[in-house]
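Peer 1: One structure follows; several queries about it will come next.
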Amino acid sequence: MICPKCGSEFAAPDLRSINVSKDPSLKERVKDGSLFVVKCPRCGAEALVTEPVLYHDPSAQLLIAYTTAGLSSEGLEGYTCRLVSSIGELIEKVKIFDAGLDDIALELCKYVTAQELKKDVSLKFLKMDGPDGEITLTYPEKGEMQMLVIGYNVYSDCAGIVDRNPILREKASGLVRVDQDWVAQFIAG
């Protein structure tokens, strides 16, 4: 890896394959992002790992791939496999599944919520908490992160829509990128 500040080259940790069943502490480090931050040994500057990453949680039958390489989900029947285009998206997917949520229903929630805001924003899942399971989403606006809380009932309604439209689950099988744009193709089409 090359330091973005001083230009020194140094070895970044090998994160090509993260198996949380072998080291359960890795899941929390993925969720808080600390696993992907490296420090330059020369100047101390921090940088984000940008190498391909394969996240594997066998107990949850979950596989998330951050890569541009062609991968296959062959042999992973029964698994939920997702393709993401950034480390941030990988972190978000792990948080979604760790919260016990269905990412298809949540992406539909995000799509509908963005439409209701009447803003062209890409909403990101931050957390689910509170006595009623409130869901907190974030989005950037004017250089600041905005937080938006939606009720669990919105998620439940979207989960019902997904259940009544089995084509969504069919199209999400295999190694697929499931995000707001993916949802939009079914609503707009």
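Chain labels run A, B, ... following the order of the structure tokens; each chain numbers its residues from 1, and ligands are numbered from 1 in the order shown.
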If we count only C-alpha atoms, what is near region 66-77 of chain A at a cut-off of 6 Å, once residues fewer than 5 positions away on the same chain are taken out, given as a list in words?
Peer 2: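 The residues satisfying every condition are Pro52, Val53, Val84, Ser85, Gly174 and Leu175 of chain A.
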Peer 1: What lies within 9 Å of region 127-142 of chain A using only C-alpha atoms, ignoring chain neighbours under 6 positions off, as a list of chain:residue names?
Peer 2: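 Listing them by chain and then by number gives A:Lys95, A:Ile96, A:Ala99, A:Lys110, A:Val121, A:Leu148, A:Val149, A:Ile150, A:Gly151, A:Tyr152, A:Asn153, A:Tyr155.
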Peer 1: Since we have the selection now, will you write its residues out, keeping all heavy atoms, as a short mmCIF file (atom, residue, chain, number, x, y, z; two decimals), in the first residue's frame?
Peer 2:
data_model
loop_
_atom_site.label_atom_id
_atom_site.label_comp_id
_atom_site.auth_asym_id
_atom_site.auth_seq_id
_atom_site.Cartn_x
_atom_site.Cartn_y
_atom_site.Cartn_z
N LYS A 95 -23.84 -4.76 8.69
CA LYS A 95 -24.71 -4.18 9.73
C LYS A 95 -26.17 -4.57 9.49
O LYS A 95 -26.90 -4.88 10.44
CB LYS A 95 -24.59 -2.66 9.74
CG LYS A 95 -23.31 -2.14 10.33
CD LYS A 95 -23.34 -0.61 10.29
CE LYS A 95 -22.12 0.01 10.90
NZ LYS A 95 -22.19 1.48 10.87
N ILE A 96 -26.61 -4.53 8.25
CA ILE A 96 -28.00 -4.87 7.92
C ILE A 96 -28.30 -6.31 8.32
O ILE A 96 -29.27 -6.58 9.02
CB ILE A 96 -28.28 -4.65 6.41
CG1 ILE A 96 -28.28 -3.16 6.07
CG2 ILE A 96 -29.60 -5.31 6.00
CD1 ILE A 96 -28.25 -2.86 4.58
N ALA A 99 -28.25 -7.01 12.05
CA ALA A 99 -29.44 -6.50 12.74
C ALA A 99 -30.65 -7.42 12.50
O ALA A 99 -31.73 -7.17 13.03
CB ALA A 99 -29.76 -5.09 12.27
N LYS A 110 -35.28 2.22 1.74
CA LYS A 110 -34.41 3.35 1.42
C LYS A 110 -34.89 4.04 0.14
O LYS A 110 -34.91 5.27 0.06
CB LYS A 110 -32.95 2.88 1.29
CG LYS A 110 -32.35 2.50 2.63
CD LYS A 110 -31.08 1.68 2.57
CE LYS A 110 -30.04 2.07 1.61
NZ LYS A 110 -28.82 1.24 1.69
N VAL A 121 -30.83 11.22 -3.13
CA VAL A 121 -29.82 10.86 -2.15
C VAL A 121 -29.70 9.34 -2.08
O VAL A 121 -30.65 8.61 -2.35
CB VAL A 121 -30.14 11.40 -0.74
CG1 VAL A 121 -30.07 12.90 -0.71
CG2 VAL A 121 -31.49 10.92 -0.25
N LEU A 148 -31.76 10.26 9.59
CA LEU A 148 -33.20 10.16 9.37
C LEU A 148 -33.67 8.88 10.04
O LEU A 148 -33.12 7.80 9.78
CB LEU A 148 -33.45 10.10 7.85
CG LEU A 148 -34.86 9.89 7.37
CD1 LEU A 148 -35.72 11.10 7.71
CD2 LEU A 148 -34.85 9.68 5.87
N VAL A 149 -34.66 8.99 10.91
CA VAL A 149 -35.17 7.83 11.62
C VAL A 149 -36.52 7.45 11.03
O VAL A 149 -37.40 8.31 10.86
CB VAL A 149 -35.31 8.12 13.14
CG1 VAL A 149 -35.92 6.93 13.86
CG2 VAL A 149 -33.95 8.46 13.72
N ILE A 150 -36.65 6.16 10.67
CA ILE A 150 -37.94 5.67 10.17
C ILE A 150 -38.42 4.57 11.12
O ILE A 150 -37.63 3.88 11.75
CB ILE A 150 -37.85 5.14 8.72
CG1 ILE A 150 -36.87 3.97 8.61
CG2 ILE A 150 -37.49 6.25 7.76
CD1 ILE A 150 -36.87 3.30 7.25
N GLY A 151 -39.71 4.44 11.21
CA GLY A 151 -40.29 3.42 12.07
C GLY A 151 -40.14 2.03 11.48
O GLY A 151 -40.04 1.87 10.26
N TYR A 152 -40.13 1.05 12.35
CA TYR A 152 -40.02 -0.34 11.91
C TYR A 152 -41.20 -0.72 11.02
O TYR A 152 -41.08 -1.60 10.16
CB TYR A 152 -39.92 -1.27 13.12
CG TYR A 152 -39.60 -2.70 12.74
CD1 TYR A 152 -38.30 -3.07 12.46
CD2 TYR A 152 -40.60 -3.66 12.64
CE1 TYR A 152 -37.98 -4.36 12.09
CE2 TYR A 152 -40.30 -4.97 12.28
CZ TYR A 152 -38.99 -5.31 12.00
OH TYR A 152 -38.69 -6.59 11.63
N ASN A 153 -42.33 -0.03 11.20
CA ASN A 153 -43.50 -0.31 10.38
C ASN A 153 -43.24 -0.08 8.89
O ASN A 153 -43.77 -0.79 8.04
CB ASN A 153 -44.71 0.52 10.84
CG ASN A 153 -44.45 2.02 10.73
OD1 ASN A 153 -43.38 2.51 11.12
ND2 ASN A 153 -45.41 2.75 10.21
N TYR A 155 -40.33 -0.59 7.40
CA TYR A 155 -39.59 -1.79 7.01
C TYR A 155 -40.55 -2.97 6.86
O TYR A 155 -40.47 -3.72 5.89
CB TYR A 155 -38.49 -2.11 8.03
CG TYR A 155 -37.84 -3.45 7.79
CD1 TYR A 155 -36.87 -3.61 6.81
CD2 TYR A 155 -38.26 -4.57 8.50
CE1 TYR A 155 -36.30 -4.85 6.57
CE2 TYR A 155 -37.69 -5.81 8.26
CZ TYR A 155 -36.72 -5.95 7.30
OH TYR A 155 -36.18 -7.18 7.05
#
Peer 1: Using DSSP secondary structure from the backbone, list all strand (DSSP E) positions within region 51-125 of chain A, as JSON, numbers by chain.
Peer 2: {"A": [53, 54, 55, 56, 57, 62, 63, 64, 65, 66, 80, 81, 82, 83, 84, 124, 125]}
Peer 1: Using only C-alpha atoms, tabulate the residues of region 77-123 of chain A lying at most 10 Å from any atom of region 11-34 of chain A, each with its closest atom pair and that distance in Å to one decimal, by chain and increasing residue number, as JSON lines.
Peer 2:
{"residue": "A:Ile87", "atom": "CA", "partner": "A:Gly33", "partner_atom": "CA", "distance": 8.5}
{"residue": "A:Gly88", "atom": "CA", "partner": "A:Gly33", "partner_atom": "CA", "distance": 8.1}
{"residue": "A:Leu90", "atom": "CA", "partner": "A:Val30", "partner_atom": "CA", "distance": 8.4}
{"residue": "A:Ile91", "atom": "CA", "partner": "A:Lys31", "partner_atom": "CA", "distance": 5.4}
{"residue": "A:Glu92", "atom": "CA", "partner": "A:Lys31", "partner_atom": "CA", "distance": 7.5}
{"residue": "A:Lys93", "atom": "CA", "partner": "A:Lys31", "partner_atom": "CA", "distance": 9.1}
{"residue": "A:Val94", "atom": "CA", "partner": "A:Lys31", "partner_atom": "CA", "distance": 6.6}
{"residue": "A:Lys95", "atom": "CA", "partner": "A:Lys31", "partner_atom": "CA", "distance": 6.1}
{"residue": "A:Ile96", "atom": "CA", "partner": "A:Lys31", "partner_atom": "CA", "distance": 9.9}
{"residue": "A:Asp98", "atom": "CA", "partner": "A:Lys27", "partner_atom": "CA", "distance": 9.1}
Peer 1: Take the residues from that selection and write them out as a PDB file, in the first residue's frame, keeping C-alpha atoms.
Peer 2:
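Written output follows (out-v4.pdb):
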ATOM      1  CA  ILE A  87     -15.752  -0.947   1.700  1.00  0.00           C
ATOM      2  CA  GLY A  88     -18.518   1.332   3.026  1.00  0.00           C
ATOM      3  CA  LEU A  90     -19.597  -3.952   2.686  1.00  0.00           C
ATOM      4  CA  ILE A  91     -19.773  -2.493   6.210  1.00  0.00           C
ATOM      5  CA  GLU A  92     -23.391  -1.446   5.645  1.00  0.00           C
ATOM      6  CA  LYS A  93     -24.424  -4.924   4.407  1.00  0.00           C
ATOM      7  CA  VAL A  94     -22.810  -6.587   7.428  1.00  0.00           C
ATOM      8  CA  LYS A  95     -24.710  -4.182   9.729  1.00  0.00           C
ATOM      9  CA  ILE A  96     -28.001  -4.869   7.921  1.00  0.00           C
ATOM     10  CA  ASP A  98     -26.338  -8.499  11.727  1.00  0.00           C
TER      11      ASP A  98
END
Peer 1: What is the distance between CA of Pro58 (chain A) and CA of Gly78 (chain A), in Å to one decimal?
Peer 2: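 Computing it gives 10.7 Å between the two atoms.
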Peer 1: I'd like the neighbourhood of Ser8 (chain A) as a PyMOL selection string, where a residue qualifies if any of its atoms comes within 9 Å (using only C-alpha atoms), though same-chain residues fewer than 2 positions away should be ignored.
Peer 2: chain A and resi 1-6+10+40-43
Peer 1: What would the file look like if the residues just selected were written as a PDB file, in the first residue's frame with N, CA, C and O atoms?
Peer 2:
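The resulting result-v6.pdb:
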ATOM      1  N   MET A   1       0.854  -1.173   0.000  1.00  0.00           N
ATOM      2  CA  MET A   1       0.000   0.000   0.000  1.00  0.00           C
ATOM      3  C   MET A   1       0.897   1.233   0.000  1.00  0.00           C
ATOM      4  O   MET A   1       1.977   1.212   0.591  1.00  0.00           O
ATOM      5  N   ILE A   2       0.439   2.302  -0.619  1.00  0.00           N
ATOM      6  CA  ILE A   2       1.204   3.550  -0.666  1.00  0.00           C
ATOM      7  C   ILE A   2       0.501   4.577   0.211  1.00  0.00           C
ATOM      8  O   ILE A   2      -0.705   4.823   0.071  1.00  0.00           O
ATOM      9  N   CYS A   3       1.256   5.176   1.113  1.00  0.00           N
ATOM     10  CA  CYS A   3       0.717   6.177   2.032  1.00  0.00           C
ATOM     11  C   CYS A   3       0.243   7.395   1.240  1.00  0.00           C
ATOM     12  O   CYS A   3       0.995   7.931   0.418  1.00  0.00           O
ATOM     13  N   PRO A   4      -0.991   7.844   1.490  1.00  0.00           N
ATOM     14  CA  PRO A   4      -1.499   9.010   0.764  1.00  0.00           C
ATOM     15  C   PRO A   4      -0.837  10.322   1.188  1.00  0.00           C
ATOM     16  O   PRO A   4      -0.903  11.304   0.468  1.00  0.00           O
ATOM     17  N   LYS A   5      -0.152  10.312   2.342  1.00  0.00           N
ATOM     18  CA  LYS A   5       0.464  11.541   2.833  1.00  0.00           C
ATOM     19  C   LYS A   5       1.945  11.647   2.464  1.00  0.00           C
ATOM     20  O   LYS A   5       2.375  12.633   1.873  1.00  0.00           O
ATOM     21  N   CYS A   6       2.735  10.594   2.799  1.00  0.00           N
ATOM     22  CA  CYS A   6       4.191  10.694   2.577  1.00  0.00           C
ATOM     23  C   CYS A   6       4.674   9.884   1.380  1.00  0.00           C
ATOM     24  O   CYS A   6       5.830   9.994   0.986  1.00  0.00           O
ATOM     25  N   PHE A  10       4.150   0.419   2.106  1.00  0.00           N
ATOM     26  CA  PHE A  10       4.189  -0.488   3.247  1.00  0.00           C
ATOM     27  C   PHE A  10       3.174  -1.601   3.044  1.00  0.00           C
ATOM     28  O   PHE A  10       2.259  -1.482   2.223  1.00  0.00           O
ATOM     29  N   CYS A  40       0.224   4.325   8.404  1.00  0.00           N
ATOM     30  CA  CYS A  40       1.557   4.326   7.793  1.00  0.00           C
ATOM     31  C   CYS A  40       2.597   4.231   8.901  1.00  0.00           C
ATOM     32  O   CYS A  40       2.582   5.050   9.840  1.00  0.00           O
ATOM     33  N   PRO A  41       3.512   3.264   8.807  1.00  0.00           N
ATOM     34  CA  PRO A  41       4.534   3.128   9.850  1.00  0.00           C
ATOM     35  C   PRO A  41       5.552   4.274   9.841  1.00  0.00           C
ATOM     36  O   PRO A  41       6.220   4.514  10.837  1.00  0.00           O
ATOM     37  N   ARG A  42       5.612   4.995   8.743  1.00  0.00           N
ATOM     38  CA  ARG A  42       6.600   6.081   8.636  1.00  0.00           C
ATOM     39  C   ARG A  42       6.073   7.398   9.196  1.00  0.00           C
ATOM     40  O   ARG A  42       6.714   8.031  10.022  1.00  0.00           O
ATOM     41  N   CYS A  43       4.873   7.818   8.753  1.00  0.00           N
ATOM     42  CA  CYS A  43       4.383   9.143   9.157  1.00  0.00           C
ATOM     43  C   CYS A  43       3.136   9.081  10.048  1.00  0.00           C
ATOM     44  O   CYS A  43       2.715  10.096  10.593  1.00  0.00           O
TER      45      CYS A  43
END
Peer 1: Check which residues of region 147-174 of chain A sit at most 9 Å from region 102-105 of chain A using only C-alpha atoms, and return one row each with the closest pair of atoms and their distance in Å to one decimal, ordered by chain and rising number, as a tab-separated table.
Peer 2:
residue	atom	partner	partner_atom	distance
A:Tyr155	CA	A:Ala105	CA	6.6
A:Ser156	CA	A:Ala105	CA	8.1
A:Asp157	CA	A:Ala105	CA	8.6
A:Cys158	CA	A:Ala105	CA	5.2
A:Ala159	CA	A:Ala105	CA	4.8
A:Gly160	CA	A:Ala105	CA	8.2
A:Ile161	CA	A:Ala105	CA	7.9
A:Val162	CA	A:Ala105	CA	6.2
A:Leu168	CA	A:Ile104	CA	7.7
A:Arg169	CA	A:Ile104	CA	7.8
A:Ala172	CA	A:Ile104	CA	7.9
Peer 1: The selected residues should be written to file as a CSV table (one decimal), in the first residue's frame (atoms: N, CA and C atoms).
Peer 2:
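Wrote result-v5.csv, looks like this:
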chain,number,residue,atom,x,y,z
A,155,TYR,N,-40.3,-0.6,7.4
A,155,TYR,CA,-39.6,-1.8,7.0
A,155,TYR,C,-40.5,-3.0,6.9
A,156,SER,N,-41.5,-3.1,7.8
A,156,SER,CA,-42.4,-4.3,7.8
A,156,SER,C,-43.3,-4.2,6.5
A,157,ASP,N,-43.7,-3.0,6.2
A,157,ASP,CA,-44.5,-2.8,4.9
A,157,ASP,C,-43.7,-3.2,3.7
A,158,CYS,N,-42.4,-2.8,3.7
A,158,CYS,CA,-41.6,-3.1,2.5
A,158,CYS,C,-41.3,-4.6,2.5
A,159,ALA,N,-41.1,-5.3,3.7
A,159,ALA,CA,-40.9,-6.7,3.7
A,159,ALA,C,-42.1,-7.4,3.2
A,160,GLY,N,-43.3,-6.9,3.5
A,160,GLY,CA,-44.5,-7.5,2.9
A,160,GLY,C,-44.6,-7.4,1.4
A,161,ILE,N,-44.2,-6.3,0.9
A,161,ILE,CA,-44.1,-6.1,-0.6
A,161,ILE,C,-43.2,-7.1,-1.2
A,162,VAL,N,-42.0,-7.3,-0.6
A,162,VAL,CA,-41.0,-8.3,-1.1
A,162,VAL,C,-41.6,-9.7,-1.1
A,168,LEU,N,-38.5,-10.6,-6.8
A,168,LEU,CA,-37.4,-9.9,-6.2
A,168,LEU,C,-36.4,-10.8,-5.6
A,169,ARG,N,-36.9,-11.8,-4.9
A,169,ARG,CA,-36.0,-12.8,-4.3
A,169,ARG,C,-35.3,-13.6,-5.4
A,172,ALA,N,-32.5,-11.7,-6.8
A,172,ALA,CA,-31.5,-11.4,-5.8
A,172,ALA,C,-30.7,-12.7,-5.5
Peer 1: Just checking: using only C-alpha atoms, which residue out of A:Arg164, A:Ile64, A:Leu123, A:His56 ends up closest to Met147 (chain A)?
Peer 2: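 Of A:Arg164, A:Ile64, A:Leu123, A:His56, the one nearest Met147 (chain A) is A:Leu123, counting only C-alpha atoms.
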Peer 1: Give me, as a PyMOL selection string, the residues of region 1-122 of chain A that a backbone DSSP run labels alpha helix (DSSP H).
Peer 2: chain A and resi 25-31+87-98+103-117
Peer 1: Give me the residues within 12 Å of Gln185 (chain A) as an MDAnalysis selection string, counting only C-alpha atoms and dropping any in the same chain fewer than 5 places off.
Peer 2: chainID A and resid 108 111 168 171 178:180
Peer 1: Output all heavy atoms for every residue in that selection, as a short mmCIF file (atom, residue, chain, number, x, y, z; two decimals), in the first residue's frame.
Peer 2:
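The result, written out as part_30.cif:
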data_model
loop_
_atom_site.label_atom_id
_atom_site.label_comp_id
_atom_site.auth_asym_id
_atom_site.auth_seq_id
_atom_site.Cartn_x
_atom_site.Cartn_y
_atom_site.Cartn_z
N LEU A 108 -35.59 -1.44 -0.41
CA LEU A 108 -36.88 -0.90 -0.83
C LEU A 108 -37.29 0.24 0.09
O LEU A 108 -37.76 1.30 -0.37
CB LEU A 108 -37.94 -2.00 -0.86
CG LEU A 108 -39.34 -1.59 -1.31
CD1 LEU A 108 -39.33 -0.96 -2.69
CD2 LEU A 108 -40.27 -2.80 -1.27
N TYR A 111 -35.28 3.24 -0.85
CA TYR A 111 -35.76 3.81 -2.12
C TYR A 111 -37.03 4.64 -1.89
O TYR A 111 -37.12 5.79 -2.34
CB TYR A 111 -36.04 2.67 -3.12
CG TYR A 111 -36.60 3.17 -4.43
CD1 TYR A 111 -35.75 3.58 -5.44
CD2 TYR A 111 -37.97 3.23 -4.65
CE1 TYR A 111 -36.26 4.06 -6.65
CE2 TYR A 111 -38.48 3.71 -5.84
CZ TYR A 111 -37.62 4.11 -6.84
OH TYR A 111 -38.13 4.59 -8.02
N LEU A 168 -38.52 -10.59 -6.84
CA LEU A 168 -37.43 -9.85 -6.20
C LEU A 168 -36.41 -10.81 -5.59
O LEU A 168 -35.21 -10.64 -5.76
CB LEU A 168 -37.97 -8.91 -5.13
CG LEU A 168 -38.82 -7.74 -5.65
CD1 LEU A 168 -39.49 -7.01 -4.50
CD2 LEU A 168 -37.98 -6.79 -6.47
N LYS A 171 -34.49 -12.65 -8.39
CA LYS A 171 -33.47 -11.80 -9.02
C LYS A 171 -32.31 -11.50 -8.08
O LYS A 171 -31.24 -11.10 -8.53
CB LYS A 171 -34.09 -10.49 -9.52
CG LYS A 171 -35.10 -10.68 -10.62
CD LYS A 171 -34.42 -11.12 -11.89
CE LYS A 171 -35.42 -11.20 -13.04
NZ LYS A 171 -34.81 -11.66 -14.27
N VAL A 178 -27.35 -5.66 -4.56
CA VAL A 178 -28.71 -5.26 -4.16
C VAL A 178 -28.58 -3.91 -3.46
O VAL A 178 -28.05 -3.83 -2.36
CB VAL A 178 -29.36 -6.31 -3.24
CG1 VAL A 178 -30.70 -5.81 -2.72
CG2 VAL A 178 -29.53 -7.64 -3.97
N ASP A 179 -29.05 -2.86 -4.14
CA ASP A 179 -29.01 -1.52 -3.59
C ASP A 179 -30.22 -0.74 -4.09
O ASP A 179 -31.12 -1.32 -4.71
CB ASP A 179 -27.69 -0.82 -3.93
CG ASP A 179 -27.42 -0.76 -5.44
OD1 ASP A 179 -28.35 -0.95 -6.24
OD2 ASP A 179 -26.26 -0.50 -5.82
N GLN A 180 -30.27 0.56 -3.81
CA GLN A 180 -31.42 1.37 -4.23
C GLN A 180 -31.59 1.35 -5.75
O GLN A 180 -32.72 1.31 -6.24
CB GLN A 180 -31.26 2.82 -3.75
CG GLN A 180 -31.55 3.01 -2.28
CD GLN A 180 -31.28 4.43 -1.82
OE1 GLN A 180 -30.48 4.64 -0.94
NE2 GLN A 180 -31.93 5.42 -2.41
#
Peer 1: Could you check the closest approach to Phe36 (chain A) for each of A:Ser86, A:Glu9, A:Leu106, A:Ala65 and tell me which residue wins, using only C-alpha atoms?
Peer 2: A:Ser86
